[in-house]
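start29.txt (compact mmCIF, C-alpha atoms) appears below.
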```
# COMPACT_ATOMS: atom_id res chain seq x y z
CA MET A 1 -31.30 24.49 29.49
CA LYS A 2 -29.47 24.66 26.14
CA ILE A 3 -27.50 27.72 27.28
CA LYS A 4 -26.46 25.96 30.48
CA LEU A 5 -25.39 22.87 28.53
CA LEU A 6 -23.36 24.97 26.09
CA PHE A 7 -21.73 26.82 28.97
CA SER A 8 -20.84 23.53 30.67
CA LEU A 9 -19.27 22.19 27.48
CA ILE A 10 -17.18 25.34 27.09
CA ILE A 11 -15.97 25.04 30.70
CA LEU A 12 -15.11 21.35 30.22
CA SER A 13 -13.21 22.12 27.01
CA PHE A 14 -11.26 24.84 28.79
CA LEU A 15 -10.40 22.56 31.70
CA LYS A 16 -9.26 19.82 29.30
CA LEU A 17 -7.10 22.28 27.38
CA SER A 18 -5.59 23.54 30.62
CA ALA A 19 -4.80 19.99 31.68
CA GLN A 20 -3.05 19.31 28.39
CA GLN A 21 -0.83 22.34 28.88
CA THR A 22 0.60 20.92 32.12
CA PRO A 23 3.88 19.17 31.25
CA VAL A 24 4.42 15.55 32.31
CA ILE A 25 8.06 14.71 33.00
CA ILE A 26 9.18 11.08 33.04
CA SER A 27 12.66 10.81 34.55
CA ASN A 28 15.32 8.19 35.34
CA ALA A 29 13.94 5.78 32.74
CA THR A 30 15.53 3.52 30.15
CA ILE A 31 14.00 5.07 27.04
CA HIS A 32 13.65 2.93 23.92
CA VAL A 33 13.22 5.63 21.28
CA GLY A 34 12.05 3.17 18.64
CA ASN A 35 14.65 4.06 16.00
CA GLY A 36 17.28 1.79 17.51
CA GLU A 37 18.50 4.29 20.10
CA VAL A 38 18.32 3.49 23.82
CA ILE A 39 18.80 6.26 26.41
CA GLU A 40 19.84 5.08 29.87
CA LYS A 41 18.61 7.19 32.80
CA GLY A 42 16.81 9.39 30.30
CA THR A 43 14.10 12.01 30.60
CA LEU A 44 11.03 12.53 28.45
CA VAL A 45 8.61 15.45 28.58
CA MET A 46 5.03 15.45 27.25
CA LEU A 47 3.39 18.81 26.56
CA ASN A 48 0.17 19.62 24.69
CA GLY A 49 -0.20 16.05 23.53
CA LYS A 50 3.25 15.84 21.95
CA ILE A 51 6.74 14.91 23.00
CA ASP A 52 8.51 18.12 23.98
CA PHE A 53 11.87 16.68 25.02
CA VAL A 54 13.67 13.36 25.07
CA GLY A 55 17.28 12.93 26.13
CA LYS A 56 19.73 12.59 28.98
CA GLU A 57 19.67 15.95 30.73
CA LEU A 58 16.64 18.22 30.87
CA LYS A 59 17.80 21.82 30.47
CA ALA A 60 14.46 23.57 29.97
CA LEU A 61 12.54 24.74 33.02
CA TYR A 62 8.86 24.02 33.47
CA LYS A 63 7.11 26.10 36.14
CA THR A 64 4.42 23.52 36.84
CA ALA A 65 4.77 19.89 35.89
CA THR A 66 3.68 16.42 36.86
CA THR A 67 6.74 14.26 37.47
CA ILE A 68 6.91 10.47 37.20
CA ASP A 69 10.03 8.84 38.60
CA ALA A 70 10.56 5.81 36.35
CA LYS A 71 13.72 4.55 38.00
CA GLY A 72 14.26 0.92 37.01
CA LYS A 73 11.49 1.09 34.41
CA HIS A 74 11.47 1.14 30.60
CA VAL A 75 9.68 3.60 28.32
CA TYR A 76 8.54 2.38 24.89
CA PRO A 77 6.54 3.84 22.00
CA GLY A 78 2.89 2.74 21.87
CA LEU A 79 2.51 -0.49 19.91
CA VAL A 80 0.72 -1.02 16.59
CA CYS A 81 -0.93 -4.31 15.66
CA MET A 82 -1.46 -4.82 11.95
CA ASN A 83 -3.90 -7.17 10.22
CA THR A 84 -6.44 -7.72 12.97
CA TYR A 85 -10.21 -7.63 13.21
CA VAL A 86 -10.38 -6.60 16.85
CA GLY A 87 -13.49 -4.50 17.39
CA LEU A 88 -15.28 -6.39 14.62
CA ASN A 89 -15.58 -9.65 16.56
CA GLU A 90 -16.53 -10.39 20.14
CA ILE A 91 -17.17 -14.13 20.52
CA ASP A 92 -15.72 -16.42 17.84
CA ALA A 93 -18.47 -19.00 18.22
CA ALA A 94 -21.36 -16.50 18.22
CA ARG A 95 -22.28 -15.45 14.66
CA ALA A 96 -24.24 -12.43 15.88
CA THR A 97 -21.04 -10.88 17.31
CA ARG A 98 -18.97 -11.33 14.13
CA ASP A 99 -19.03 -8.33 11.82
CA TYR A 100 -15.80 -8.66 9.84
CA SER A 101 -16.98 -9.98 6.47
CA GLU A 102 -19.54 -8.98 3.86
CA VAL A 103 -21.66 -10.97 1.42
CA GLY A 104 -20.08 -11.20 -2.02
CA SER A 105 -16.62 -11.73 -3.42
CA VAL A 106 -15.49 -8.25 -4.48
CA ASN A 107 -16.20 -5.54 -1.89
CA PRO A 108 -13.53 -2.80 -1.98
CA ASN A 109 -16.18 -0.31 -0.84
CA VAL A 110 -16.60 -2.07 2.54
CA ARG A 111 -15.12 0.15 5.27
CA SER A 112 -14.07 -1.71 8.40
CA MET A 113 -13.93 1.40 10.57
CA ILE A 114 -17.70 2.00 10.62
CA ALA A 115 -18.23 -1.45 12.17
CA TYR A 116 -15.55 -0.87 14.84
CA ASN A 117 -17.15 -1.44 18.26
CA THR A 118 -15.39 0.69 20.86
CA ASP A 119 -17.46 -0.99 23.60
CA SER A 120 -15.89 -4.38 22.89
CA LYS A 121 -14.55 -6.07 26.01
CA ILE A 122 -11.63 -7.39 23.97
CA ILE A 123 -10.21 -3.95 23.17
CA PRO A 124 -9.22 -3.11 26.79
CA THR A 125 -7.35 -6.42 27.07
CA ILE A 126 -5.05 -5.52 24.18
CA ARG A 127 -4.71 -1.90 25.32
CA SER A 128 -3.49 -3.08 28.73
CA ASN A 129 -0.72 -4.94 26.86
CA GLY A 130 0.44 -1.74 25.19
CA ILE A 131 -1.34 -1.89 21.82
CA LEU A 132 -2.64 1.64 21.29
CA LEU A 133 -3.33 1.43 17.54
CA THR A 134 -4.64 -1.42 15.39
CA GLN A 135 -5.08 -1.89 11.68
CA VAL A 136 -8.67 -3.15 11.50
CA VAL A 137 -9.04 -5.35 8.42
CA PRO A 138 -12.19 -6.77 6.78
CA GLN A 139 -12.12 -10.46 5.93
CA GLY A 140 -13.28 -12.86 3.21
CA GLY A 141 -13.83 -12.86 -0.54
CA LEU A 142 -11.33 -11.86 -3.21
CA VAL A 143 -11.34 -8.15 -2.40
CA SER A 144 -12.32 -7.80 1.25
CA GLY A 145 -12.55 -4.04 1.58
CA SER A 146 -10.77 -1.09 3.15
CA SER A 147 -8.81 -1.17 6.42
CA SER A 148 -8.34 1.74 8.80
CA CYS A 149 -5.90 2.53 11.60
CA MET A 150 -7.93 2.73 14.82
CA LYS A 151 -7.19 3.73 18.40
CA THR A 152 -7.90 1.17 21.11
CA PHE A 153 -10.06 3.65 22.99
CA GLY A 154 -12.77 6.19 22.23
CA TRP A 155 -16.50 6.76 22.60
CA ASN A 156 -17.38 5.61 19.07
CA TRP A 157 -15.74 4.68 15.78
CA GLU A 158 -15.52 8.31 14.65
CA ASP A 159 -13.62 9.13 17.84
CA ALA A 160 -11.33 6.10 17.44
CA VAL A 161 -10.18 6.70 13.84
CA TYR A 162 -6.48 7.55 13.54
CA LYS A 163 -6.17 7.11 9.77
CA ALA A 164 -9.22 6.24 7.70
CA ASP A 165 -9.30 3.88 4.71
CA GLU A 166 -5.53 3.56 4.45
CA GLY A 167 -5.53 0.41 2.30
CA ILE A 168 -7.48 -2.12 0.24
CA HIS A 169 -7.14 -5.83 1.03
CA ILE A 170 -7.14 -8.60 -1.54
CA ASN A 171 -6.88 -12.34 -0.93
CA TRP A 172 -4.67 -13.65 -3.73
CA PRO A 173 -5.47 -17.20 -4.87
CA GLU A 174 -2.80 -19.67 -3.77
CA LEU A 175 -1.61 -21.35 -6.96
CA VAL A 176 -0.62 -24.55 -5.21
CA VAL A 177 -3.18 -27.33 -5.60
CA GLN A 178 -3.48 -29.21 -2.32
CA SER A 179 -5.15 -32.51 -1.54
CA ARG A 180 -8.49 -31.67 0.06
CA PHE A 181 -11.44 -33.86 1.01
CA ASP A 182 -13.95 -31.13 0.16
CA GLU A 183 -12.62 -30.11 -3.26
CA LYS A 184 -11.12 -32.18 -6.04
CA ASP A 185 -7.82 -31.17 -7.65
CA GLU A 186 -9.47 -30.36 -10.96
CA ASN A 187 -12.10 -28.22 -9.23
CA GLN A 188 -9.36 -26.34 -7.41
CA LYS A 189 -7.61 -25.56 -10.67
CA GLN A 190 -10.84 -24.28 -12.23
CA ARG A 191 -11.62 -22.15 -9.16
CA ILE A 192 -8.15 -20.62 -9.09
CA GLU A 193 -8.28 -19.83 -12.81
CA LYS A 194 -11.69 -18.20 -12.42
CA GLU A 195 -10.57 -16.11 -9.41
CA LEU A 196 -7.50 -14.85 -11.27
CA GLN A 197 -9.66 -13.94 -14.23
CA ASN A 198 -12.10 -12.07 -11.97
CA ILE A 199 -9.24 -10.11 -10.39
CA GLU A 200 -7.80 -9.18 -13.79
CA GLU A 201 -11.17 -8.01 -15.11
CA PHE A 202 -11.98 -6.05 -11.96
CA PHE A 203 -8.66 -4.17 -11.86
CA SER A 204 -8.89 -3.37 -15.55
CA GLN A 205 -12.37 -1.91 -15.10
CA ALA A 206 -11.39 -0.08 -11.93
CA GLU A 207 -8.38 1.53 -13.63
CA HIS A 208 -10.56 2.66 -16.53
CA TYR A 209 -13.07 4.14 -14.07
CA SER A 210 -10.31 5.99 -12.19
CA LYS A 211 -9.07 7.59 -15.43
CA SER A 212 -12.52 8.65 -16.61
CA THR A 213 -13.07 12.40 -16.59
CA THR A 214 -16.83 12.11 -16.95
CA ILE A 215 -18.64 9.45 -14.92
CA GLU A 216 -22.26 9.00 -15.85
CA THR A 217 -23.10 6.40 -13.21
CA PHE A 218 -21.42 6.34 -9.79
CA ASN A 219 -19.93 2.93 -8.90
CA ALA A 220 -19.07 2.53 -5.20
CA ARG A 221 -16.74 -0.42 -5.78
CA PHE A 222 -14.68 1.30 -8.47
CA ASP A 223 -14.70 4.62 -6.62
CA ALA A 224 -13.14 2.94 -3.57
CA MET A 225 -10.24 1.83 -5.80
CA LYS A 226 -9.35 5.30 -7.13
CA ASN A 227 -6.67 6.10 -4.57
CA LEU A 228 -4.88 2.84 -5.32
CA PHE A 229 -4.07 3.95 -8.85
CA ASN A 230 -2.69 7.33 -7.79
CA GLY A 231 -0.53 5.77 -5.05
CA THR A 232 -2.17 7.43 -2.04
CA LYS A 233 -3.63 4.17 -0.74
CA LYS A 234 -1.82 0.84 -0.20
CA LEU A 235 -2.85 -2.52 -1.64
CA TYR A 236 -2.43 -5.32 0.90
CA ILE A 237 -2.10 -8.71 -0.79
CA HIS A 238 -2.77 -11.69 1.47
CA VAL A 239 -0.76 -14.60 0.13
CA ASP A 240 1.57 -17.20 1.67
CA PHE A 241 3.17 -19.49 -0.92
CA ALA A 242 6.12 -18.40 -3.07
CA LYS A 243 4.32 -19.23 -6.32
CA GLY A 244 1.38 -17.00 -5.40
CA ILE A 245 3.69 -14.18 -4.26
CA MET A 246 5.60 -14.22 -7.55
CA HIS A 247 2.39 -14.29 -9.57
CA ALA A 248 0.91 -11.34 -7.65
CA VAL A 249 4.07 -9.24 -7.94
CA ASN A 250 4.32 -9.90 -11.67
CA PHE A 251 0.63 -9.14 -12.17
CA PHE A 252 0.96 -5.65 -10.68
CA LYS A 253 3.86 -4.69 -12.93
CA LYS A 254 1.21 -3.31 -15.28
CA TYR A 255 0.06 -0.94 -12.50
CA PRO A 256 3.28 0.85 -11.51
CA ASN A 257 1.54 3.41 -9.27
CA ILE A 258 0.01 0.78 -7.01
CA LYS A 259 2.05 0.33 -3.83
CA ILE A 260 1.72 -3.27 -2.67
CA VAL A 261 2.31 -4.82 0.75
CA LEU A 262 2.43 -8.57 1.28
CA VAL A 263 0.50 -9.90 4.27
CA GLY A 264 1.21 -13.34 5.71
CA ALA A 265 3.89 -14.11 3.11
CA GLN A 266 5.22 -17.17 4.90
CA ASP A 267 7.50 -17.93 1.94
CA ALA A 268 8.84 -14.37 1.71
CA TYR A 269 12.28 -15.49 2.89
CA GLN A 270 12.62 -17.46 -0.37
CA LEU A 271 12.04 -14.35 -2.51
CA ILE A 272 14.19 -11.74 -0.81
CA GLU A 273 15.86 -10.50 -4.01
CA LEU A 274 12.50 -10.02 -5.75
CA LEU A 275 11.05 -8.11 -2.79
CA LYS A 276 14.12 -5.87 -2.59
CA GLU A 277 14.06 -5.16 -6.31
CA LYS A 278 10.38 -4.16 -6.23
CA ASN A 279 10.68 -2.36 -2.86
CA ILE A 280 7.82 -4.39 -1.40
CA SER A 281 6.99 -4.27 2.32
CA VAL A 282 5.89 -7.33 4.28
CA VAL A 283 3.55 -7.84 7.23
CA LEU A 284 4.28 -11.17 8.89
CA ILE A 285 1.54 -12.63 11.06
CA ASN A 286 1.37 -15.30 13.74
CA ILE A 287 5.09 -15.86 14.33
CA HIS A 288 4.17 -18.53 16.89
CA ARG A 289 3.20 -21.24 14.45
CA LEU A 290 4.46 -24.39 12.78
CA PRO A 291 6.44 -24.13 9.53
CA GLN A 292 4.65 -24.18 6.19
CA ARG A 293 5.99 -27.58 5.11
CA ASN A 294 7.86 -30.58 6.51
CA SER A 295 11.06 -29.75 4.65
CA GLU A 296 11.49 -26.42 6.47
CA ASP A 297 13.33 -25.88 9.73
CA VAL A 298 10.98 -26.12 12.68
CA ASP A 299 12.02 -22.60 13.72
CA GLN A 300 11.66 -21.04 10.26
CA PRO A 301 8.70 -18.80 11.29
CA PHE A 302 10.87 -17.37 14.08
CA LYS A 303 13.81 -16.70 11.73
CA THR A 304 11.89 -15.09 8.86
CA PRO A 305 11.66 -11.54 10.38
CA ALA A 306 15.44 -11.34 10.79
CA GLN A 307 16.08 -12.70 7.29
CA LEU A 308 13.86 -10.02 5.75
CA ILE A 309 14.97 -7.10 7.93
CA ASN A 310 18.68 -7.89 7.63
CA ALA A 311 18.18 -7.85 3.85
CA GLY A 312 16.74 -4.33 4.05
CA ILE A 313 13.05 -5.17 3.55
CA LEU A 314 10.58 -3.06 5.52
CA THR A 315 8.89 -5.64 7.74
CA ALA A 316 6.21 -5.44 10.40
CA ILE A 317 4.85 -8.13 12.68
CA GLY A 318 1.07 -8.32 13.01
CA HIS A 319 -1.41 -10.77 14.44
CA ASP A 320 -4.69 -11.85 12.89
CA GLY A 321 -7.80 -12.54 14.93
CA SER A 322 -9.12 -10.38 17.75
CA TRP A 323 -8.41 -11.41 21.35
CA GLN A 324 -5.21 -13.17 20.23
CA THR A 325 -3.62 -9.85 19.28
CA ARG A 326 -2.71 -9.14 22.91
CA ASN A 327 0.30 -11.47 22.38
CA LEU A 328 1.76 -9.26 19.64
CA MET A 329 4.80 -8.12 21.62
CA PHE A 330 5.71 -11.69 22.56
CA ASN A 331 5.77 -12.66 18.87
CA ALA A 332 8.29 -9.86 18.38
CA GLY A 333 10.19 -11.09 21.43
CA THR A 334 10.54 -14.54 19.86
CA ALA A 335 11.89 -12.96 16.67
CA ALA A 336 14.43 -11.14 18.84
CA THR A 337 15.96 -14.45 19.88
CA TYR A 338 16.32 -15.66 16.29
CA GLY A 339 18.60 -13.14 14.65
CA LEU A 340 17.02 -9.77 15.47
CA SER A 341 18.18 -7.30 18.08
CA LYS A 342 15.62 -6.27 20.69
CA GLU A 343 15.41 -2.78 19.19
CA ASP A 344 14.87 -4.09 15.65
CA ALA A 345 12.17 -6.42 16.97
CA LEU A 346 10.53 -3.41 18.66
CA LYS A 347 10.53 -1.57 15.32
CA CYS A 348 8.45 -4.41 13.82
CA ILE A 349 5.53 -3.52 16.10
CA THR A 350 6.00 0.26 16.20
CA VAL A 351 7.70 2.40 13.57
CA ASN A 352 7.83 -0.18 10.77
CA ALA A 353 4.09 -0.71 11.03
CA ALA A 354 3.63 3.08 11.16
CA LYS A 355 5.69 3.48 7.98
CA ILE A 356 3.66 0.90 6.10
CA MET A 357 0.41 2.66 7.05
CA GLY A 358 1.86 6.13 6.41
CA ILE A 359 1.60 7.49 9.96
CA GLU A 360 5.32 7.56 10.82
CA SER A 361 5.42 11.37 10.92
CA THR A 362 3.28 11.37 14.07
CA TYR A 363 3.61 7.90 15.57
CA GLY A 364 6.01 5.01 16.09
CA THR A 365 9.04 6.60 17.78
CA LEU A 366 9.63 8.77 20.83
CA GLU A 367 10.93 11.87 19.06
CA VAL A 368 10.27 15.55 19.65
CA GLY A 369 7.12 16.76 17.94
CA LYS A 370 5.48 13.35 17.63
CA ASN A 371 2.34 12.15 19.37
CA ALA A 372 3.04 11.49 23.05
CA ALA A 373 1.94 7.85 22.73
CA LEU A 374 4.10 5.75 25.03
CA LEU A 375 4.27 2.99 27.61
CA ILE A 376 6.00 2.77 30.99
CA CYS A 377 6.86 -0.83 31.70
CA ASP A 378 8.40 -2.85 34.50
CA GLY A 379 10.78 -5.30 32.87
CA ASP A 380 11.24 -6.11 29.20
CA LEU A 381 8.12 -5.37 27.13
CA LEU A 382 8.96 -8.21 24.70
CA ASP A 383 9.42 -10.80 27.44
CA MET A 384 6.28 -12.63 28.59
CA LYS A 385 7.68 -13.29 32.05
CA SER A 386 8.85 -9.80 33.02
CA SER A 387 6.59 -7.48 31.00
CA ASN A 388 4.29 -5.45 33.23
CA ILE A 389 2.89 -2.21 31.83
CA LYS A 390 2.26 0.39 34.53
CA HIS A 391 1.20 3.43 32.49
CA ALA A 392 0.11 4.16 28.94
CA PHE A 393 -0.28 7.60 27.38
CA PHE A 394 -1.79 8.75 24.10
CA SER A 395 -1.56 12.40 23.04
CA GLY A 396 -0.19 13.03 26.51
CA GLU A 397 -3.29 11.72 28.29
CA GLU A 398 -3.05 8.67 30.52
CA LEU A 399 -5.19 5.71 29.44
CA ASP A 400 -7.16 3.32 31.60
CA LEU A 401 -5.35 -0.04 31.64
CA ASN A 402 -8.11 -1.88 33.49
CA ASN A 403 -10.05 -4.63 31.71
CA HIS A 404 -12.72 -7.22 32.36
CA GLN A 405 -10.24 -10.03 32.92
CA GLN A 406 -8.41 -8.05 35.60
CA GLU A 407 -11.71 -7.31 37.30
CA LEU A 408 -12.56 -11.01 37.38
CA TYR A 409 -9.10 -11.78 38.74
CA LYS A 410 -9.50 -9.28 41.59
CA LYS A 411 -13.05 -10.47 42.30
CA PHE A 412 -12.11 -14.10 42.81
CA MET A 413 -8.82 -13.31 44.53
CA ASN A 414 -10.83 -11.39 47.13
CA LYS A 415 -13.45 -14.15 47.36
CA TYR A 416 -11.07 -17.04 47.94
CA GLY A 417 -8.19 -15.10 49.51
CA PHE A 418 -5.35 -16.63 47.49
```
Represent the supplied structure as C-alpha cells.
Amino acid sequence: MKIKLLFSLIILSFLKLSAQQTPVIISNATIHVGNGEVIEKGTLVMLNGKIDFVGKELKALYKTATTIDAKGKHVYPGLVCMNTYVGLNEIDAARATRDYSEVGSVNPNVRSMIAYNTDSKIIPTIRSNGILLTQVVPQGGLVSGSSSCMKTFGWNWEDAVYKADEGIHINWPELVVQSRFDEKDENQKQRIEKELQNIEEFFSQAEHYSKSTTIETFNARFDAMKNLFNGTKKLYIHVDFAKGIMHAVNFFKKYPNIKIVLVGAQDAYQLIELLKEKNISVVLINIHRLPQRNSEDVDQPFKTPAQLINAGILTAIGHDGSWQTRNLMFNAGTAATYGLSKEDALKCITVNAAKIMGIESTYGTLEVGKNAALLICDGDLLDMKSSNIKHAFFSGEELDLNNHQQELYKKFMNKYGF
C-alpha cells in the first residue's frame, strides 16, 4: 500500500510539473505592468510559474501553449492587502471564531501565521476580488506580535506562507488626551506615561539581549525582537495623531538600525518633511472614512495618499478587519480621483506594499522573471461599477474565484428565477 501511494505521488508530481511547463499566452490585453507602464494590445506569457514575456509583439515561438484572447480586457498584477486579520477572524460577533489577539500587553513572540485558517469562508471572497496576498497582523496590547505575508489559498498555513514573520507590530500610545466617559483625563495621562515607560524599558532590554553573545536563559519575547535590531525585520508602528507620530519617530532615533513603517497615520500629511527626512514608509488604512477632526476638509482621507506619494514617500493602502478587505481596490480607486493617477493608485495595492514587506523582487509588477501572479479583468479594476475579475493566476496556476456568497446568489437566482 505504501509503495502504491508513493508511486501515485510521484506520478502526480510529474503531471503537475508537466502542466507548469506548458506556456500560457494572454494576448490582445491592456496590460498594467504595475510600475506605471501600460501596454495597449499587449501580450504576456507565463511559463514555469513565472512571467516569461511581456510586451507588444511576441517574437519567441512556443510549440505548445494555452492561449487566452483578452481582447477588451485588462491585465493587472495580483493585489496585496496590508494590515488585515483575515484568516484570524470568521464572525465578528462570535468570540470563538476570533483568534487575532493574545492575553498580555507585550507579545512580540506571537506569530499570526500559525493561526491563519485557510478554510475560512471569508478568504475566497477577497480572492475573487483580486487579493492574492495579505499581510496578516495580530491585534491588541502594546506589542501585538509578528505579521506574515500569506497567500489567499492553500491547504494549511504552512502552504499559504509567502513570507514569514516579516515585521513586528506595536501600538503607539496616542499622546492626545480625549474626553471619554470611561476614563478620566488624569487617568489617561497616567496610562499613557506608563505605556511609554513600558515600551522604553522593553526595547532597552530587547536590544541588550540581541547584543549578548552568551545567553543563559532563552527569552521568547526578546528573541523575536532580534531581527529588528539588525534591520532584517520591519517595525510597524500603529499611530494616527501627529503628536504620537513625532514622538515615535524621535524615540527610535536611538535605534538607527530599526526600519519603521507607520500604519494608520491619519495625520501623516502634516509631517511630510519629517517622513521624507527619515525615509519612513506609510501604510494608510480605511480611506473610506470621515476626517480625523472637524477642522479638516471632509475629503482629507481621500487626498492623503496623493499628498504623500507626490512628496516621494513610499505609501501603500491597506484595510483593517477581515471581510471588509475585499473593498481594498475601491479605496485605491477613490484615491485615484483625488490627485493620484490610476497607475499610481494601483501601485499602492501592489508594488508599494510589496516593497514595504520586502517581496518586490518576486511580486508586485508584471515583469519578466517575477511570479506569474496576475488578474484578467473586465473593466477598470479600481472602479466598483465596472470591475469584474474573470481569471486569477498565481505562479502560473489558475485560481478558483468561486466563493460562498456567489453560491448563495446562484442558488436563490435559480429558485426564484430573477
task = Counting all atoms listed in the file, note down every residue that has an atom within 8 Å of the point (4.0, 21.4, 28.6) (file coordinates), as a list in words.
result = Gln20, Gln21, Thr22, Pro23, Val24, Val45, Met46, Leu47, Asn48, Asp52, Tyr62 and Ala65 of chain A
request  = Pick out the residues sitting within 10 Å of Lys390 of chain A, and hand them over as number ranges by chain; count all atoms listed in the file, and ignore anything fewer than 2 positions along from it in its own chain.
outcome  = A: 73, 128-130, 375-378, 387-388, 392, 401
ask   = Which residues, written as a PyMOL selection string, have at least one atom at most 10 Å from segment 241-250 of chain A, with only C-alpha atoms counted and residues fewer than 6 positions away on the same chain left out?
value = chain A and resi 172-176+196+260-262+264-271+274-275+278+280+292
Grab the residues selected above and save them as a PDB file, keeping the file's coordinate frame with C-alpha atoms.
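Everything below was put into again.pdb:
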```pdb
ATOM      1  CA  TRP A 172      -4.670 -13.650  -3.730  1.00  0.00           C
ATOM      2  CA  PRO A 173      -5.470 -17.200  -4.870  1.00  0.00           C
ATOM      3  CA  GLU A 174      -2.800 -19.670  -3.770  1.00  0.00           C
ATOM      4  CA  LEU A 175      -1.610 -21.350  -6.960  1.00  0.00           C
ATOM      5  CA  VAL A 176      -0.620 -24.550  -5.210  1.00  0.00           C
ATOM      6  CA  LEU A 196      -7.500 -14.850 -11.270  1.00  0.00           C
ATOM      7  CA  ILE A 260       1.720  -3.270  -2.670  1.00  0.00           C
ATOM      8  CA  VAL A 261       2.310  -4.820   0.750  1.00  0.00           C
ATOM      9  CA  LEU A 262       2.430  -8.570   1.280  1.00  0.00           C
ATOM     10  CA  GLY A 264       1.210 -13.340   5.710  1.00  0.00           C
ATOM     11  CA  ALA A 265       3.890 -14.110   3.110  1.00  0.00           C
ATOM     12  CA  GLN A 266       5.220 -17.170   4.900  1.00  0.00           C
ATOM     13  CA  ASP A 267       7.500 -17.930   1.940  1.00  0.00           C
ATOM     14  CA  ALA A 268       8.840 -14.370   1.710  1.00  0.00           C
ATOM     15  CA  TYR A 269      12.280 -15.490   2.890  1.00  0.00           C
ATOM     16  CA  GLN A 270      12.620 -17.460  -0.370  1.00  0.00           C
ATOM     17  CA  LEU A 271      12.040 -14.350  -2.510  1.00  0.00           C
ATOM     18  CA  LEU A 274      12.500 -10.020  -5.750  1.00  0.00           C
ATOM     19  CA  LEU A 275      11.050  -8.110  -2.790  1.00  0.00           C
ATOM     20  CA  LYS A 278      10.380  -4.160  -6.230  1.00  0.00           C
ATOM     21  CA  ILE A 280       7.820  -4.390  -1.400  1.00  0.00           C
ATOM     22  CA  GLN A 292       4.650 -24.180   6.190  1.00  0.00           C
TER      23      GLN A 292
END
```
Please return the centre and edge lengths, in Å to one decimal, of a box with edges along x, y and z that contains all listed atoms of segment 63-68 of chain A, widened by 6 Å on every side, as lines of an AutoDock Vina configuration file.
```
center_x = 5.4
center_y = 18.3
center_z = 36.7
size_x = 15.4
size_y = 27.6
size_z = 13.6
```
task = Would you list the contacts of segment 164-171 of chain A as a PyMOL selection string, taking every protein, DNA or RNA residue within 6 Å and counting only C-alpha atoms, but skipping same-chain residues closer than 5 positions in sequence?
result = chain A and resi 142-148+233-238
request  = Write out as a VMD selection string which residues come within 12 Å of Thr134 of chain A when counting all atoms listed in the file, dropping same-chain ones fewer than 2 positions away.
outcome  = chain A and resid 78 to 88 112 to 113 116 123 126 to 127 130 to 132 136 to 137 147 to 153 160 to 164 317 to 322 325 to 326 328 349 to 350 353 to 354 357
How would the residues just chosen look if you wrote them out with C-alpha atoms as a PDB file, keeping the file's coordinate frame?
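What landed in out_27.pdb:
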```pdb
ATOM      1  CA  GLY A  78       2.890   2.740  21.870  1.00  0.00           C
ATOM      2  CA  LEU A  79       2.510  -0.490  19.910  1.00  0.00           C
ATOM      3  CA  VAL A  80       0.720  -1.020  16.590  1.00  0.00           C
ATOM      4  CA  CYS A  81      -0.930  -4.310  15.660  1.00  0.00           C
ATOM      5  CA  MET A  82      -1.460  -4.820  11.950  1.00  0.00           C
ATOM      6  CA  ASN A  83      -3.900  -7.170  10.220  1.00  0.00           C
ATOM      7  CA  THR A  84      -6.440  -7.720  12.970  1.00  0.00           C
ATOM      8  CA  TYR A  85     -10.210  -7.630  13.210  1.00  0.00           C
ATOM      9  CA  VAL A  86     -10.380  -6.600  16.850  1.00  0.00           C
ATOM     10  CA  GLY A  87     -13.490  -4.500  17.390  1.00  0.00           C
ATOM     11  CA  LEU A  88     -15.280  -6.390  14.620  1.00  0.00           C
ATOM     12  CA  SER A 112     -14.070  -1.710   8.400  1.00  0.00           C
ATOM     13  CA  MET A 113     -13.930   1.400  10.570  1.00  0.00           C
ATOM     14  CA  TYR A 116     -15.550  -0.870  14.840  1.00  0.00           C
ATOM     15  CA  ILE A 123     -10.210  -3.950  23.170  1.00  0.00           C
ATOM     16  CA  ILE A 126      -5.050  -5.520  24.180  1.00  0.00           C
ATOM     17  CA  ARG A 127      -4.710  -1.900  25.320  1.00  0.00           C
ATOM     18  CA  GLY A 130       0.440  -1.740  25.190  1.00  0.00           C
ATOM     19  CA  ILE A 131      -1.340  -1.890  21.820  1.00  0.00           C
ATOM     20  CA  LEU A 132      -2.640   1.640  21.290  1.00  0.00           C
ATOM     21  CA  VAL A 136      -8.670  -3.150  11.500  1.00  0.00           C
ATOM     22  CA  VAL A 137      -9.040  -5.350   8.420  1.00  0.00           C
ATOM     23  CA  SER A 147      -8.810  -1.170   6.420  1.00  0.00           C
ATOM     24  CA  SER A 148      -8.340   1.740   8.800  1.00  0.00           C
ATOM     25  CA  CYS A 149      -5.900   2.530  11.600  1.00  0.00           C
ATOM     26  CA  MET A 150      -7.930   2.730  14.820  1.00  0.00           C
ATOM     27  CA  LYS A 151      -7.190   3.730  18.400  1.00  0.00           C
ATOM     28  CA  THR A 152      -7.900   1.170  21.110  1.00  0.00           C
ATOM     29  CA  PHE A 153     -10.060   3.650  22.990  1.00  0.00           C
ATOM     30  CA  ALA A 160     -11.330   6.100  17.440  1.00  0.00           C
ATOM     31  CA  VAL A 161     -10.180   6.700  13.840  1.00  0.00           C
ATOM     32  CA  TYR A 162      -6.480   7.550  13.540  1.00  0.00           C
ATOM     33  CA  LYS A 163      -6.170   7.110   9.770  1.00  0.00           C
ATOM     34  CA  ALA A 164      -9.220   6.240   7.700  1.00  0.00           C
ATOM     35  CA  ILE A 317       4.850  -8.130  12.680  1.00  0.00           C
ATOM     36  CA  GLY A 318       1.070  -8.320  13.010  1.00  0.00           C
ATOM     37  CA  HIS A 319      -1.410 -10.770  14.440  1.00  0.00           C
ATOM     38  CA  ASP A 320      -4.690 -11.850  12.890  1.00  0.00           C
ATOM     39  CA  GLY A 321      -7.800 -12.540  14.930  1.00  0.00           C
ATOM     40  CA  SER A 322      -9.120 -10.380  17.750  1.00  0.00           C
ATOM     41  CA  THR A 325      -3.620  -9.850  19.280  1.00  0.00           C
ATOM     42  CA  ARG A 326      -2.710  -9.140  22.910  1.00  0.00           C
ATOM     43  CA  LEU A 328       1.760  -9.260  19.640  1.00  0.00           C
ATOM     44  CA  ILE A 349       5.530  -3.520  16.100  1.00  0.00           C
ATOM     45  CA  THR A 350       6.000   0.260  16.200  1.00  0.00           C
ATOM     46  CA  ALA A 353       4.090  -0.710  11.030  1.00  0.00           C
ATOM     47  CA  ALA A 354       3.630   3.080  11.160  1.00  0.00           C
ATOM     48  CA  MET A 357       0.410   2.660   7.050  1.00  0.00           C
TER      49      MET A 357
END
```
